[in-house]
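Printed here is coords_36.txt (compact mmCIF, C-alpha atoms (C1' of nucleotides)):
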# COMPACT_ATOMS: atom_id res chain seq x y z
CA MET A 8 145.67 -17.42 121.27
CA LEU A 9 142.85 -15.03 121.92
CA ASP A 10 143.41 -13.60 118.48
CA ILE A 11 142.64 -16.93 116.88
CA GLU A 12 139.38 -17.33 118.70
CA HIS A 13 138.50 -13.74 118.10
CA HIS A 14 139.15 -14.12 114.43
CA ARG A 15 137.08 -17.26 114.20
CA GLU A 16 134.31 -15.37 115.89
CA LEU A 17 134.46 -12.69 113.23
CA LEU A 18 134.52 -15.24 110.46
CA ARG A 19 131.41 -16.83 111.87
CA GLN A 20 129.54 -13.80 110.60
CA CYS A 21 130.10 -15.01 107.09
CA SER A 22 127.79 -17.90 106.38
CA ILE A 23 130.32 -19.67 104.22
CA ALA A 24 132.90 -19.53 106.97
CA ALA A 25 130.29 -20.69 109.46
CA ALA A 26 129.37 -23.59 107.24
CA LEU A 27 133.00 -24.52 106.74
CA GLU A 28 133.53 -24.52 110.48
CA ALA A 29 131.11 -27.44 110.56
CA VAL A 30 131.92 -29.35 107.38
CA GLY A 31 135.11 -27.79 106.04
CA GLU A 32 137.62 -30.32 107.28
CA ARG A 33 139.41 -32.66 104.99
CA TRP A 34 137.26 -35.76 105.34
CA SER A 35 133.92 -34.28 106.33
CA PHE A 36 132.49 -34.00 102.85
CA LEU A 37 133.53 -37.51 101.96
CA ILE A 38 131.96 -38.87 105.14
CA LEU A 39 128.76 -37.03 104.26
CA ARG A 40 128.89 -38.35 100.73
CA GLY A 41 129.05 -41.82 102.22
CA ALA A 42 126.15 -41.07 104.51
CA PHE A 43 124.06 -39.83 101.59
CA ASN A 44 124.84 -43.05 99.77
CA GLY A 45 123.60 -45.24 102.56
CA LEU A 46 126.55 -45.78 104.90
CA HIS A 47 125.66 -45.84 108.59
CA HIS A 48 128.31 -47.66 110.60
CA PHE A 49 131.85 -46.89 111.68
CA GLU A 50 133.34 -49.88 109.91
CA GLU A 51 131.49 -49.09 106.70
CA PHE A 52 132.88 -45.58 106.59
CA GLN A 53 136.34 -46.76 107.55
CA SER A 54 136.62 -49.50 104.97
CA THR A 55 134.96 -47.72 102.07
CA LEU A 56 136.71 -44.37 102.58
CA GLY A 57 140.06 -45.68 103.76
CA ILE A 58 140.22 -43.00 106.42
CA ALA A 59 142.35 -43.47 109.54
CA ARG A 60 140.24 -44.72 112.46
CA ASN A 61 141.15 -41.94 114.87
CA ILE A 62 140.35 -39.27 112.30
CA LEU A 63 137.07 -40.94 111.44
CA SER A 64 136.18 -41.11 115.10
CA ASN A 65 136.99 -37.44 115.52
CA ARG A 66 135.05 -36.34 112.43
CA LEU A 67 131.99 -38.36 113.30
CA CYS A 68 131.98 -36.81 116.77
CA ARG A 69 132.29 -33.36 115.31
CA LEU A 70 129.52 -33.90 112.79
CA VAL A 71 127.34 -35.17 115.61
CA GLU A 72 128.22 -32.15 117.75
CA HIS A 73 127.20 -29.90 114.89
CA GLY A 74 123.89 -31.70 114.58
CA ILE A 75 124.65 -32.94 111.08
CA LEU A 76 124.76 -36.61 112.02
CA GLU A 77 122.88 -38.35 114.77
CA ARG A 78 124.42 -41.14 116.83
CA VAL A 79 121.87 -43.94 117.16
CA PRO A 80 122.74 -47.03 119.24
CA ASP A 81 121.44 -50.22 117.69
CA ALA A 82 118.70 -51.75 119.81
CA THR A 83 119.27 -55.33 118.69
CA ASP A 84 123.09 -55.37 118.78
CA ARG A 85 124.60 -53.18 121.42
CA ARG A 86 128.00 -53.15 119.79
CA LYS A 87 126.63 -51.31 116.81
CA VAL A 88 126.07 -47.60 116.45
CA ALA A 89 124.34 -46.01 113.48
CA TYR A 90 125.27 -42.56 112.25
CA ASP A 91 122.24 -41.07 110.52
CA LEU A 92 121.86 -37.77 108.70
CA THR A 93 119.68 -35.27 110.53
CA GLU A 94 117.43 -32.76 108.78
CA LYS A 95 120.33 -30.32 108.98
CA GLY A 96 122.61 -32.89 107.41
CA LEU A 97 120.15 -33.90 104.74
CA ASP A 98 119.83 -30.25 103.79
CA LEU A 99 123.47 -30.32 102.66
CA LEU A 100 122.42 -32.28 99.58
CA PRO A 101 122.52 -29.25 97.26
CA VAL A 102 126.08 -28.56 98.36
CA LEU A 103 127.18 -32.12 97.71
CA LEU A 104 125.40 -32.25 94.37
CA SER A 105 126.85 -28.93 93.21
CA LEU A 106 130.32 -30.06 94.12
CA ARG A 107 129.81 -33.40 92.44
CA GLN A 108 128.47 -31.90 89.24
CA TRP A 109 131.37 -29.46 89.13
CA GLY A 110 133.80 -32.34 89.56
CA GLU A 111 132.08 -34.28 86.81
CA ARG A 112 132.24 -31.37 84.43
CA TRP A 113 135.69 -29.99 85.13
CA ILE A 114 137.80 -32.79 86.57
CA SER A 115 136.67 -36.36 86.10
CA GLY A 116 134.98 -35.42 82.84
CA ARG A 117 132.37 -38.13 83.10
CA PRO A 118 129.14 -38.65 85.01
CA SER A 119 129.44 -40.22 88.45
CA ASN A 120 127.65 -43.23 89.80
CA PRO A 121 125.14 -43.67 91.33
CA VAL A 122 122.76 -41.17 89.81
CA LEU A 123 120.09 -39.25 91.66
CA VAL A 124 116.76 -39.60 89.91
CA ASP A 125 113.22 -38.35 90.29
CA ARG A 126 111.49 -41.31 91.94
CA VAL A 127 108.42 -40.85 89.80
CA THR A 128 109.81 -40.34 86.32
CA ARG A 129 113.13 -42.20 86.92
CA GLN A 130 114.87 -39.34 85.12
CA PRO A 131 118.14 -37.90 86.46
CA ILE A 132 117.88 -34.56 88.21
CA GLN A 133 118.88 -31.31 86.55
CA PRO A 134 122.27 -29.71 87.06
CA MET A 135 122.19 -27.31 89.99
CA MET A 136 121.87 -23.77 88.69
CA VAL A 137 121.18 -20.26 89.81
CA ARG A 138 117.60 -19.17 89.24
CA ALA A 139 115.73 -15.89 89.42
CA ALA A 140 112.79 -15.53 91.77
CA ASP A 141 110.48 -16.27 88.85
CA GLY A 142 112.37 -19.44 88.00
CA ARG A 143 114.39 -18.31 84.98
CA ALA A 144 117.86 -19.83 84.83
CA LEU A 145 120.43 -17.08 85.30
CA GLY A 146 123.78 -16.98 83.58
CA ARG A 147 126.84 -15.18 84.82
CA GLY A 148 126.03 -11.91 83.08
CA ASP A 149 122.57 -11.86 84.60
CA LEU A 150 123.89 -11.65 88.14
CA GLU A 151 125.02 -8.83 90.37
CA TRP A 152 126.05 -8.52 94.01
CA VAL A 153 124.29 -5.77 95.91
CA ASP A 154 124.38 -4.66 99.50
CA ARG A 155 121.41 -5.85 101.50
CA SER A 156 120.46 -2.32 102.36
CA ASP A 157 120.27 -1.45 98.66
CA LEU A 158 117.76 -4.17 97.92
CA ALA A 159 114.82 -3.03 95.83
CA ASP A 160 112.16 -4.34 98.16
CA ASP A 161 109.20 -4.20 95.87
CA ALA A 162 105.72 -4.49 97.26
CA GLY A 163 105.07 -7.93 98.60
CA SER A 164 108.64 -9.14 98.56
CA ILE A 165 109.30 -11.30 101.58
CA SER A 166 112.76 -12.50 102.39
CA PRO A 167 113.03 -16.27 102.37
CA ALA A 168 113.08 -18.02 105.72
CA MET B 36 118.18 -50.12 97.33
CA LEU B 37 121.86 -50.65 96.65
CA ASP B 38 123.78 -53.21 98.67
CA ILE B 39 126.87 -52.43 100.68
CA GLU B 40 129.31 -54.28 98.44
CA HIS B 41 128.17 -52.10 95.62
CA HIS B 42 128.75 -48.92 97.61
CA ARG B 43 132.43 -49.56 97.99
CA GLU B 44 132.89 -49.54 94.25
CA LEU B 45 130.46 -46.73 93.60
CA LEU B 46 131.98 -44.35 96.11
CA ARG B 47 135.31 -44.53 94.33
CA GLN B 48 133.78 -43.29 91.12
CA CYS B 49 132.19 -40.27 92.74
CA SER B 50 133.74 -37.04 91.59
CA ILE B 51 133.31 -35.30 94.92
CA ALA B 52 136.72 -36.55 95.96
CA ALA B 53 138.18 -35.22 92.74
CA ALA B 54 136.59 -31.84 93.34
CA LEU B 55 137.85 -31.72 96.92
CA GLU B 56 141.35 -32.40 95.68
CA ALA B 57 141.19 -29.01 94.02
CA VAL B 58 139.21 -26.92 96.47
CA GLY B 59 138.97 -28.98 99.64
CA GLU B 60 141.67 -27.32 101.69
CA ARG B 61 141.00 -25.16 104.64
CA TRP B 62 141.09 -21.68 103.09
CA SER B 63 140.28 -22.45 99.47
CA PHE B 64 136.56 -21.79 99.71
CA LEU B 65 137.05 -18.54 101.55
CA ILE B 66 139.57 -17.37 98.98
CA LEU B 67 137.08 -18.20 96.26
CA ARG B 68 134.33 -16.40 98.10
CA GLY B 69 136.60 -13.36 98.15
CA ALA B 70 137.27 -13.74 94.46
CA PHE B 71 133.55 -13.93 93.73
CA ASN B 72 133.08 -10.77 95.73
CA GLY B 73 135.58 -8.82 93.70
CA LEU B 74 138.94 -9.42 95.34
CA HIS B 75 141.84 -9.73 92.92
CA HIS B 76 145.12 -8.94 94.65
CA PHE B 77 147.28 -10.70 97.18
CA GLU B 78 147.05 -7.89 99.71
CA GLU B 79 143.28 -7.72 99.37
CA PHE B 80 142.88 -11.40 100.14
CA GLN B 81 145.38 -11.23 102.96
CA SER B 82 143.88 -8.26 104.75
CA THR B 83 140.22 -9.11 104.31
CA LEU B 84 140.53 -12.82 105.12
CA GLY B 85 143.25 -12.55 107.75
CA ILE B 86 144.98 -15.59 106.29
CA ALA B 87 148.70 -16.13 106.86
CA ARG B 88 150.75 -14.88 103.92
CA ASN B 89 152.57 -18.14 103.27
CA ILE B 90 149.33 -20.11 103.31
CA LEU B 91 147.67 -17.60 101.02
CA SER B 92 150.60 -17.81 98.64
CA ASN B 93 150.40 -21.59 98.67
CA ARG B 94 146.62 -21.69 98.12
CA LEU B 95 146.67 -19.15 95.32
CA CYS B 96 149.34 -21.19 93.57
CA ARG B 97 147.34 -24.34 93.97
CA LEU B 98 144.15 -22.76 92.70
CA VAL B 99 146.09 -21.46 89.71
CA GLU B 100 147.58 -24.91 89.10
CA HIS B 101 144.09 -26.36 89.11
CA GLY B 102 142.93 -23.77 86.60
CA ILE B 103 140.45 -22.22 88.98
CA LEU B 104 142.23 -18.89 89.23
CA GLU B 105 144.36 -17.20 86.62
CA ARG B 106 147.47 -15.23 87.47
CA VAL B 107 147.45 -12.01 85.48
CA PRO B 108 150.38 -9.59 85.81
CA ASP B 109 149.27 -5.97 85.82
CA ALA B 110 150.45 -4.17 82.69
CA THR B 111 150.52 -0.70 84.25
CA ASP B 112 152.12 -1.62 87.59
CA ARG B 113 154.51 -4.50 87.41
CA ARG B 114 154.46 -5.08 91.15
CA LYS B 115 150.82 -6.07 90.98
CA VAL B 116 149.36 -9.41 90.07
CA ALA B 117 145.65 -10.02 89.61
CA TYR B 118 144.10 -13.37 90.48
CA ASP B 119 141.00 -13.77 88.34
CA LEU B 120 138.44 -16.54 88.30
CA THR B 121 138.55 -18.69 85.19
CA GLU B 122 135.49 -20.27 83.60
CA LYS B 123 136.20 -23.34 85.70
CA GLY B 124 136.38 -21.19 88.81
CA LEU B 125 133.28 -19.18 87.97
CA ASP B 126 131.42 -22.44 87.56
CA LEU B 127 131.90 -23.08 91.28
CA LEU B 128 129.28 -20.47 92.04
CA PRO B 129 126.50 -23.00 92.71
CA VAL B 130 128.73 -24.73 95.25
CA LEU B 131 129.50 -21.49 97.06
CA LEU B 132 125.87 -20.40 97.01
CA SER B 133 124.60 -23.75 98.27
CA LEU B 134 127.08 -23.68 101.11
CA ARG B 135 126.24 -20.12 101.95
CA GLN B 136 122.52 -20.71 101.96
CA TRP B 137 122.94 -23.75 104.17
CA GLY B 138 125.03 -21.70 106.57
CA GLU B 139 122.42 -18.97 106.61
CA ARG B 140 119.65 -21.39 107.33
CA TRP B 141 121.28 -23.71 109.84
CA ILE B 142 124.09 -21.80 111.51
CA SER B 143 124.16 -18.05 111.29
CA GLY B 144 120.39 -17.95 111.09
CA ARG B 145 120.34 -14.72 109.15
CA PRO B 146 120.89 -13.68 105.54
CA SER B 147 124.44 -12.82 104.53
CA ASN B 148 125.69 -9.74 102.79
CA PRO B 149 126.07 -8.93 99.96
CA VAL B 150 123.13 -10.49 98.16
CA LEU B 151 123.17 -11.95 94.67
CA VAL B 152 120.36 -10.48 92.57
CA ASP B 153 118.94 -10.84 89.10
CA ARG B 154 120.43 -7.85 87.30
CA VAL B 155 117.19 -7.16 85.48
CA THR B 156 114.57 -7.45 88.21
CA ARG B 157 116.89 -6.61 91.14
CA GLN B 158 115.32 -9.50 93.01
CA PRO B 159 117.46 -11.90 95.07
CA ILE B 160 118.05 -15.31 93.53
CA GLN B 161 116.18 -18.39 94.63
CA PRO B 162 117.58 -20.85 97.13
CA MET B 163 119.49 -23.60 95.34
CA MET B 164 117.33 -26.69 95.09
CA VAL B 165 117.13 -30.05 93.41
CA ARG B 166 114.91 -30.08 90.34
CA ALA B 167 113.49 -32.75 88.11
CA ALA B 168 114.26 -32.74 84.41
CA ASP B 169 110.95 -31.00 83.80
CA GLY B 170 111.74 -28.29 86.34
CA ARG B 171 109.66 -29.41 89.32
CA ALA B 172 111.32 -28.81 92.67
CA LEU B 173 112.08 -32.17 94.28
CA GLY B 174 111.90 -32.85 97.99
CA ARG B 175 113.78 -35.54 99.83
CA GLY B 176 111.08 -38.16 99.39
CA ASP B 177 111.01 -37.59 95.66
CA LEU B 178 114.60 -38.67 95.19
CA GLU B 179 116.33 -42.00 94.76
CA TRP B 180 119.84 -43.15 93.97
CA VAL B 181 120.09 -45.62 91.12
CA ASP B 182 122.98 -47.27 89.38
CA ARG B 183 123.78 -45.71 86.02
CA SER B 184 123.30 -49.00 84.28
CA ASP B 185 119.76 -49.19 85.69
CA LEU B 186 118.75 -45.84 84.23
CA ALA B 187 115.39 -45.92 82.54
CA ASP B 188 116.49 -45.10 79.03
CA ASP B 189 113.07 -44.54 77.60
CA ALA B 190 112.25 -45.90 74.18
CA GLY B 191 113.82 -43.79 71.50
CA SER B 192 117.01 -43.55 73.45
CA ILE B 193 119.47 -42.03 71.02
CA SER B 194 123.07 -42.82 71.89
CA PRO B 195 123.32 -41.14 75.29
CA ALA B 196 126.26 -38.80 75.88
C1' DC C 147 130.99 -70.84 130.58
C1' DT C 148 134.79 -70.29 127.61
C1' DT C 149 136.76 -68.97 123.40
C1' DG C 150 137.00 -66.22 119.56
C1' DA C 151 135.25 -62.75 116.40
C1' DT C 152 133.05 -58.19 115.68
C1' DT C 153 132.27 -53.32 116.59
C1' DG C 154 133.66 -48.93 117.79
C1' DG C 155 136.66 -46.83 119.31
C1' DT C 156 141.64 -44.90 121.98
C1' DT C 157 146.69 -44.51 122.30
C1' DT C 158 151.11 -43.73 120.55
C1' DC C 159 154.34 -41.72 117.68
C1' DA C 160 156.29 -39.76 113.39
C1' DA C 161 155.32 -36.70 109.67
C1' DT C 162 152.97 -33.02 107.89
C1' DC C 163 150.46 -28.62 107.94
C1' DC C 164 149.37 -24.18 109.84
C1' DG C 165 149.88 -19.53 111.87
C1' DC C 166 152.91 -15.99 112.99
C1' DA C 167 156.48 -12.88 112.52
C1' DA C 168 160.41 -11.41 110.26
C1' DC C 169 162.66 -10.76 106.11
C1' DC C 170 163.34 -9.86 100.90
C1' DG C 171 163.50 -8.50 95.81
C1' DA C 172 161.35 -5.91 92.42
C1' DT C 173 159.01 -2.15 91.44
C1' DA C 174 156.72 2.49 91.96
C1' DT C 175 156.54 7.08 94.16
C1' DC C 176 158.34 11.23 96.32
C1' DG D 271 168.29 8.48 96.31
C1' DA D 272 165.05 7.46 100.11
C1' DT D 273 160.91 5.36 101.15
C1' DA D 274 156.65 2.77 100.50
C1' DT D 275 154.14 -0.94 98.26
C1' DC D 276 153.33 -5.47 96.42
C1' DG D 277 153.89 -10.18 96.33
C1' DG D 278 155.95 -13.17 98.10
C1' DT D 279 159.73 -16.57 101.11
C1' DT D 280 161.98 -18.32 105.40
C1' DG D 281 162.29 -20.14 110.07
C1' DC D 282 160.12 -21.68 113.99
C1' DG D 283 156.81 -23.71 117.48
C1' DG D 284 152.39 -25.68 117.96
C1' DA D 285 148.38 -28.07 116.05
C1' DT D 286 146.61 -31.66 112.89
C1' DT D 287 146.99 -35.91 110.41
C1' DG D 288 147.93 -40.81 109.34
C1' DA D 289 149.38 -45.62 110.30
C1' DA D 290 149.47 -49.10 113.37
C1' DA D 291 148.84 -51.20 117.64
C1' DC D 292 146.00 -51.75 121.41
C1' DC D 293 141.52 -52.09 124.04
C1' DA D 294 136.65 -52.66 126.24
C1' DA D 295 132.16 -54.21 125.40
C1' DT D 296 129.34 -57.29 123.19
C1' DC D 297 127.86 -61.18 120.56
C1' DA D 298 128.08 -66.10 118.60
C1' DA D 299 129.70 -70.86 118.80
C1' DG D 300 130.84 -74.90 121.12
Translate the structure of the given file into structure tokens.
Amino acid sequence: MLDIEHHRELLRQCSIAAALEAVGERWSFLILRGAFNGLHHFEEFQSTLGIARNILSNRLCRLVEHGILERVPDATDRRKVAYDLTEKGLDLLPVLLSLRQWGERWISGRPSNPVLVDRVTRQPIQPMMVRAADGRALGRGDLEWVDRSDLADDAGSISPA
Amino acid sequence: MLDIEHHRELLRQCSIAAALEAVGERWSFLILRGAFNGLHHFEEFQSTLGIARNILSNRLCRLVEHGILERVPDATDRRKVAYDLTEKGLDLLPVLLSLRQWGERWISGRPSNPVLVDRVTRQPIQPMMVRAADGRALGRGDLEWVDRSDLADDAGSISPA
DNA sequence: CTTGATTGGTTTCAATCCGCAACCGATATC
DNA sequence: GATATCGGTTGCGGATTGAAACCAATCAAG
């Protein structure tokens, strides 16, 4: 019992584990996908995703607790509740897009719908990719894991926020 | 804006669900994170992640079935089996990095270790971000979902892929 | 005001999944 | 030959999930 909690505490030190603690459950990503595509209400999520109502209820609560969704009662119809993405939730977009593009490339084999476009040019966005500080796209052979303490902190290098 | 009736159909075509079918289970991402950080053997995954042996066995099998990991018997020691990332698995790096960066920013609040650097400059990589076709970084207000059929195929559109 | 529909849940119960510990077969090492 | 290592499997109890029924509050119609 204590071991489980203790272990979860240790895992929290890894950012991926910490992130998964918030959004790693079975339906969470799909709920977020729905939210990014304009769903707001319980019934919308339930009918479009086909998720069991109790699970949906539980997941929405958890996403709200984690500050990823915000529960907004409707002022004009007090039966209705809107679930809106917060800043924290909206910032998951790169995760969702990376996952989606991977699925397109390696599983479904075709582009998904709808498409995310640059509002100005109406052109689809680029595939998500790893880039060097100067903006060059980096392939697999260009990358290396190093310990933080071994970082070559050149003059003027400031760690990102 | 897209209407709700449309969403129902569109959400089914999204490949996020397909991707989650392969990597959406509880430990899959953490196993992959281990693999990206140089783990190869059953015992390594088990001891560093603290995952139950039967679950680890099951997840490794599933990742192999999905072509994300490859099971490679060791030629010099026939007890050992290496689990190596395939091309398909390696291509999940943007997903892992996006998730990690989100966790750093919104949960753990501090940079993780180790750090992925450009092998040449030894500088850490950029945060993953959404970019326009011409390379501009796009913020939230610059983006819009559109139906594939409504894509602005500029004049001179040559049979799109 | 009464009736019925809508919204957002909760309850109940069976099936599944997970974590833990113990065990096991095939090797390698001493 | 004895022992350790590696990569699993098995059995068990508790947690999680899914399907369906039920429910309270609110709104809309008559």
Margin query: If we count only C-alpha atoms (C1' of nucleotides) and set the cut-off at 7 Å, which residues sit around A:Ile132, ignoring sequence neighbours fewer than 5 positions away in its own chain? Please answer as a list in words.
Written below: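 Using only C-alpha atoms (C1' of nucleotides), the neighbours found are Leu123, Val124 and Asp125 of chain A; Val165, Arg166, Ala167 and Ala168 of chain B.
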Next item on the list: Give me, please, the distance in Å between atom CA of A:Arg78 and atom CA of A:Tyr90, quoted to one decimal.
Entry: 4.9 Å
Could you list, as a compact mmCIF listing (two decimals) with C-alpha atoms (C1' of nucleotides), in the frame of the given file, every residue within 12 Å of D:DG283, counting all atoms listed in the file and ignoring same-chain residues fewer than 6 positions away?
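In the end it all went to selection22.txt:
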# COMPACT_ATOMS: atom_id res chain seq x y z
C1' DC C 164 149.37 -24.18 109.84
C1' DG C 165 149.88 -19.53 111.87
C1' DC C 166 152.91 -15.99 112.99
C1' DA C 167 156.48 -12.88 112.52
Same-sequence superposition of chain B onto chain A, all C-alpha, as a short mmCIF file (atom, residue, chain, number, x, y, z; two decimals) with C-alpha atoms, in the coordinates of the input:
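The resulting file, result03.cif, is shown below:
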data_model
loop_
_atom_site.label_atom_id
_atom_site.label_comp_id
_atom_site.auth_asym_id
_atom_site.auth_seq_id
_atom_site.Cartn_x
_atom_site.Cartn_y
_atom_site.Cartn_z
CA MET B 36 131.96 -2.48 96.15
CA LEU B 37 132.71 -3.16 99.79
CA ASP B 38 135.86 -1.74 101.34
CA ILE B 39 138.50 -3.83 103.03
CA GLU B 40 137.78 -2.63 106.56
CA HIS B 41 134.27 -3.84 106.12
CA HIS B 42 135.42 -7.28 104.99
CA ARG B 43 137.16 -8.02 108.23
CA GLU B 44 133.92 -7.65 110.13
CA LEU B 45 131.78 -9.32 107.52
CA LEU B 46 133.92 -12.42 107.22
CA ARG B 47 133.47 -13.14 110.90
CA GLN B 48 129.72 -13.29 110.52
CA CYS B 49 129.85 -15.78 107.68
CA SER B 50 128.47 -19.14 108.65
CA ILE B 51 130.87 -21.09 106.48
CA ALA B 52 133.28 -21.26 109.38
CA ALA B 53 130.51 -22.53 111.61
CA ALA B 54 129.62 -25.20 109.08
CA LEU B 55 133.24 -26.27 108.72
CA GLU B 56 133.47 -26.67 112.46
CA ALA B 57 131.01 -29.51 112.10
CA VAL B 58 132.01 -31.12 108.82
CA GLY B 59 135.34 -29.59 107.88
CA GLU B 60 137.66 -32.36 108.99
CA ARG B 61 139.52 -34.57 106.65
CA TRP B 62 137.22 -37.60 106.43
CA SER B 63 133.89 -36.07 107.38
CA PHE B 64 132.69 -35.44 103.85
CA LEU B 65 133.65 -38.89 102.68
CA ILE B 66 131.85 -40.47 105.62
CA LEU B 67 128.78 -38.44 104.74
CA ARG B 68 129.05 -39.43 101.12
CA GLY B 69 129.04 -43.04 102.29
CA ALA B 70 126.03 -42.38 104.46
CA PHE B 71 124.18 -40.81 101.54
CA ASN B 72 124.99 -43.87 99.49
CA GLY B 73 123.47 -46.25 101.98
CA LEU B 74 126.23 -47.09 104.43
CA HIS B 75 125.09 -47.45 108.03
CA HIS B 76 127.54 -49.57 110.00
CA PHE B 77 131.02 -49.05 111.34
CA GLU B 78 132.48 -51.95 109.38
CA GLU B 79 130.87 -50.75 106.17
CA PHE B 80 132.41 -47.31 106.48
CA GLN B 81 135.75 -48.75 107.50
CA SER B 82 136.08 -51.24 104.68
CA THR B 83 134.68 -49.13 101.87
CA LEU B 84 136.51 -45.91 102.79
CA GLY B 85 139.72 -47.49 104.05
CA ILE B 86 139.79 -45.05 106.96
CA ALA B 87 141.69 -45.92 110.13
CA ARG B 88 139.38 -47.36 112.78
CA ASN B 89 140.27 -44.87 115.50
CA ILE B 90 139.75 -41.93 113.16
CA LEU B 91 136.46 -43.35 111.96
CA SER B 92 135.34 -43.82 115.54
CA ASN B 93 136.31 -40.25 116.35
CA ARG B 94 134.58 -38.77 113.28
CA LEU B 95 131.39 -40.74 113.78
CA CYS B 96 131.24 -39.51 117.36
CA ARG B 97 131.77 -35.96 116.28
CA LEU B 98 129.14 -36.14 113.57
CA VAL B 99 126.74 -37.57 116.13
CA GLU B 100 127.60 -34.80 118.59
CA HIS B 101 126.83 -32.25 115.91
CA GLY B 102 123.49 -33.89 115.22
CA ILE B 103 124.40 -34.82 111.68
CA LEU B 104 124.33 -38.55 112.26
CA GLU B 105 122.23 -40.48 114.73
CA ARG B 106 123.51 -43.50 116.60
CA VAL B 107 120.85 -46.19 116.53
CA PRO B 108 121.48 -49.49 118.33
CA ASP B 109 120.15 -52.47 116.40
CA ALA B 110 117.23 -54.08 118.22
CA THR B 111 117.74 -57.55 116.74
CA ASP B 112 121.54 -57.74 117.05
CA ARG B 113 122.94 -55.87 119.97
CA ARG B 114 126.46 -55.86 118.58
CA LYS B 115 125.36 -53.66 115.72
CA VAL B 116 124.94 -49.93 115.68
CA ALA B 117 123.45 -48.01 112.77
CA TYR B 118 124.61 -44.50 111.95
CA ASP B 119 121.75 -42.75 110.19
CA LEU B 120 121.60 -39.29 108.69
CA THR B 121 119.39 -36.88 110.60
CA GLU B 122 117.36 -34.13 108.98
CA LYS B 123 120.31 -31.83 109.56
CA GLY B 124 122.61 -34.34 107.91
CA LEU B 125 120.28 -35.01 105.00
CA ASP B 126 120.16 -31.29 104.39
CA LEU B 127 123.85 -31.40 103.48
CA LEU B 128 122.97 -33.03 100.19
CA PRO B 129 123.32 -29.82 98.15
CA VAL B 130 126.82 -29.36 99.54
CA LEU B 131 127.85 -32.89 98.64
CA LEU B 132 126.31 -32.64 95.19
CA SER B 133 127.92 -29.28 94.45
CA LEU B 134 131.29 -30.62 95.47
CA ARG B 135 130.82 -33.75 93.46
CA GLN B 136 129.75 -31.92 90.34
CA TRP B 137 132.70 -29.57 90.63
CA GLY B 138 135.02 -32.54 90.96
CA GLU B 139 133.45 -34.18 87.93
CA ARG B 140 133.83 -31.08 85.85
CA TRP B 141 137.26 -29.86 86.88
CA ILE B 142 139.20 -32.84 88.17
CA SER B 143 138.02 -36.31 87.34
CA GLY B 144 136.56 -35.07 84.08
CA ARG B 145 133.92 -37.77 83.97
CA PRO B 146 130.57 -38.39 85.62
CA SER B 147 130.61 -40.27 88.92
CA ASN B 148 128.63 -43.30 89.90
CA PRO B 149 125.98 -43.77 91.16
CA VAL B 150 123.79 -41.05 89.71
CA LEU B 151 121.04 -39.20 91.53
CA VAL B 152 117.81 -39.29 89.52
CA ASP B 153 114.29 -37.95 89.77
CA ARG B 154 112.36 -40.98 91.01
CA VAL B 155 109.45 -40.23 88.71
CA THR B 156 111.13 -39.46 85.40
CA ARG B 157 114.32 -41.47 86.03
CA GLN B 158 116.26 -38.52 84.67
CA PRO B 159 119.48 -37.33 86.35
CA ILE B 160 119.19 -34.15 88.38
CA GLN B 161 120.38 -30.81 87.11
CA PRO B 162 123.77 -29.38 87.99
CA MET B 163 123.52 -27.23 91.11
CA MET B 164 123.40 -23.58 90.13
CA VAL B 165 122.71 -20.15 91.51
CA ARG B 166 119.20 -18.91 90.80
CA ALA B 167 117.42 -15.62 91.16
CA ALA B 168 114.33 -15.35 93.31
CA ASP B 169 112.21 -15.73 90.20
CA GLY B 170 114.05 -18.89 89.16
CA ARG B 171 116.35 -17.57 86.43
CA ALA B 172 119.77 -19.18 86.38
CA LEU B 173 122.38 -16.57 87.29
CA GLY B 174 125.85 -16.42 85.82
CA ARG B 175 128.86 -14.84 87.44
CA GLY B 176 128.26 -11.42 85.94
CA ASP B 177 124.71 -11.37 87.23
CA LEU B 178 125.77 -11.54 90.85
CA GLU B 179 126.85 -8.99 93.42
CA TRP B 180 127.61 -9.02 97.12
CA VAL B 181 125.78 -6.40 99.13
CA ASP B 182 125.61 -5.62 102.80
CA ARG B 183 122.42 -6.85 104.44
CA SER B 184 121.57 -3.38 105.58
CA ASP B 185 121.71 -2.19 101.96
CA LEU B 186 119.16 -4.73 100.78
CA ALA B 187 116.53 -3.25 98.53
CA ASP B 188 113.51 -3.88 100.69
CA ASP B 189 110.92 -3.01 98.11
CA ALA B 190 107.92 -0.96 99.13
CA GLY B 191 105.46 -3.07 101.02
CA SER B 192 108.22 -4.68 102.98
CA ILE B 193 106.44 -6.58 105.71
CA SER B 194 108.64 -7.22 108.73
CA PRO B 195 111.35 -9.36 107.14
CA ALA B 196 112.24 -12.63 108.86
#
Skip D:DC293 itself and residues of its chain fewer than 6 positions away, then list as a JSON list (two decimals) with C-alpha atoms (C1' of nucleotides), keeping the file's coordinate frame all residues within 12 Å of it, counting only C-alpha atoms (C1' of nucleotides).
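Saved as selection-v7.json:
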[["chain", "number", "residue", "atom", "x", "y", "z"],
["C", 153, "DT", "C1'", 132.27, -53.32, 116.59],
["C", 154, "DG", "C1'", 133.66, -48.93, 117.79],
["C", 155, "DG", "C1'", 136.66, -46.83, 119.31],
["C", 156, "DT", "C1'", 141.64, -44.90, 121.98],
["C", 157, "DT", "C1'", 146.69, -44.51, 122.30]]
Checklist line | Residues near D:DG300, cut-off 12 Å, only C-alpha atoms (C1' of nucleotides), skip fewer than 4 positions along chain, as a list in words | finding: DC147, DT148, DT149 and DG150 of chain C
Margin query: If we count all atoms listed in the file and set the cut-off at 12 Å, which residues sit around stretch 72-87 of chain B, ignoring sequence neighbours fewer than 3 positions away in its own chain? Please answer as number ranges by chain.
Written below: A: 10-11, 13-15, 17-18, 21, 24, 150-154; B: 61-69, 90-96, 104-109, 114-120, 125, 128, 131, 148-151; C: 164-167; D: 275-278
